[in-house]
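> One structure, pasted below without further comment.
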Amino acid sequence: MSGIVDVFLRSYEQWSYRDATNKELSSRLKAGRPLIEAMHVKDSREVSVSTSFEAASYILRTGSDNGLKNHIDQALAQSAEYAALRRRMPQPDPHALIAYQNRFTEDDMAAADIAIEQYGITLADGQILFHGGFWKNPPDTILTTSRPFSTSFCPQVALRNAEWKAKAYHAGEINLMVVRVHRPQTKAYILRLDGEKGNEKEVVFASGAKLALMNKTFICQTRVYGEWSSNGGSPSKDVPAFVLEVNIS
């Protein structure tokens, strides 16, 4: 079992900037700063994300943020723990899992399940990932998955999946899940970052995983869209958006 991959080991921050005073500019230039950098000084911190829950809450409020995406990309590229996980995967990724990512048919799911069981590993207890879906069962239900369960290291990717094909519109709410591995029993496969779907930063669990809802927190109201109609446009409505904290084993 490898260590935990924490993409927020270093906090993600956004700052506003102001023009440097003449004194600040002179001092910064003397210190060897490039002119373009020396001209602007950090003013106030506008965003600070240091936990997965904060990341999920933030992306629900903002919808998208390429800065957050780039932060996670960099964190994975620099993570020794992530590199160790990928070294345990076959190279290249099995065809069954590539087909699963691209087509997502019932046959693809069955083949993907076999590949995960053959090549996957058990993740570290405490590993956190994200999933966008809808928890339609009673809160105290333990769900056992009947097909591969896809997650991502990125909450923005998970949010897009929650909205895909008007799922959130029909559900009447957005559920962005912070998925924590707890007493792991189910194998998972870590897909490559440089493949056709590498931007999804995907980790897929084999069927039979058990999901337990631990907490559900309202974050905000947000607009979601229905299917695109032939006469142009799509219906929309405001729905509540929640962060769900879910254990997976």
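Labels used: A, B, ... for chains in the order of the structure tokens, numbers from 1 for residues in each chain, and numbers from 1 for ligands as shown.
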Write out as a list in words all residues of region 112-216 of chain A that backbone DSSP assigns to helix (DSSP H, G or I).

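Listing helix (DSSP H, G or I) positions across region 112-216 of chain A yields Ala112, Asp113, Ile114, Ala115, Ile116, Glu117, Gln118, Tyr119, Pro155, Gln156, Val157, Ala158, Leu159, Arg160, Asn161, Ala162, Glu163, Trp164, Lys165, Ala166, Lys167, Ala168, Tyr169, His170, Ala171, Gly198, Asn199 and Glu200 of chain A.
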
> Quick one: pick out all strand (DSSP E or B) residues within region 7-167 of chain A from a backbone DSSP run and write them as a PyMOL selection string.

chain A and resi 12-19+40-49+121+128-133+142-144+149-152

> Write out as a VMD selection string the residues lying within 12 Å of Ala77 (chain A), counting only C-alpha atoms and excluding same-chain residues fewer than 2 positions away.

chain A and resid 5 to 7 70 to 75 79 to 84 86 192 to 194 201

> Which residues of region 44-112 of chain A come within 12 Å of region 179-187 of chain A, and what is each one's closest atom pair and distance in Å (one decimal), counting only C-alpha atoms, sorted by chain and residue number, as a Markdown table?


| residue | atom | partner | partner_atom | distance |
| --- | --- | --- | --- | --- |
| A:Ser52 | CA | A:Val179 | CA | 9.3 |
| A:Phe53 | CA | A:Val179 | CA | 9.9 |
| A:Ala56 | CA | A:Val179 | CA | 10.9 |
| A:Ala112 | CA | A:Lys187 | CA | 12.0 |

> Looking at only C-alpha atoms, which of A:Gly120, A:Pro148, A:Gly198, A:Pro94 is the one that sits closest to Leu76 (chain A)?

A:Gly198

> Using only C-alpha atoms, which protein or nucleic acid residues come within 10 Å of Asp19 (chain A)? Drop anything in the same chain fewer than 3 positions from it, and give the result as a ChimeraX atom specification.

/A:22,24-25,38-43

> May I ask which of the residues A:Pro155, A:Val203, A:Ser48, A:Ala166 is the closest one to Ile121 (chain A), counting only C-alpha atoms?

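Looking at the shortest contact to Ile121 (chain A), the residue is A:Val203.
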
> Would you kindly return, as a list in words, each protein, DNA or RNA residue with an atom no farther than 9 Å from any atom of Leu211 (chain A), considering only C-alpha atoms and excluding same-chain residues fewer than 5 positions away?

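So the residues in contact are Thr141, Ile142, Leu143, Thr144, Thr145, Val179, Val246, Asn247, Ile248 and Ser249 of chain A.
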
> How many Å separate CA of Gly3 (chain A) from CA of Ala212 (chain A)?

22.6 Å

> In Å to one decimal, how far is CA of His131 (chain A) from CA of Glu54 (chain A)?

14.8 Å

> With distances taken over only C-alpha atoms, which residue among A:Gly226, A:Ser50, A:Ile190, A:Gly195 lies nearest Met89 (chain A)?

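Nearest to Met89 (chain A): A:Ile190.
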
> As an exercise, work out the distance from CA of Ser207 (chain A) to CA of Gln91 (chain A) in Å and give it to one decimal place.

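Calculated distance between CA of Ser207 (chain A) and CA of Gln91 (chain A) is 22.8 Å.
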
> Would you mind telling me which residue in A:Lys197, A:Pro240, A:His170, A:Ala188 lies nearest to Ala124 (chain A) when using only C-alpha atoms?

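Nearest candidate to Ala124 (chain A) out of A:Lys197, A:Pro240, A:His170, A:Ala188: A:Ala188.
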
> Ranking A:Ala206, A:Val243, A:Leu35, A:Ala20 by minimum distance to Ile114 (chain A) and counting only C-alpha atoms, which one comes first?

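The answer is A:Ala206, which sits nearest to Ile114 (chain A).
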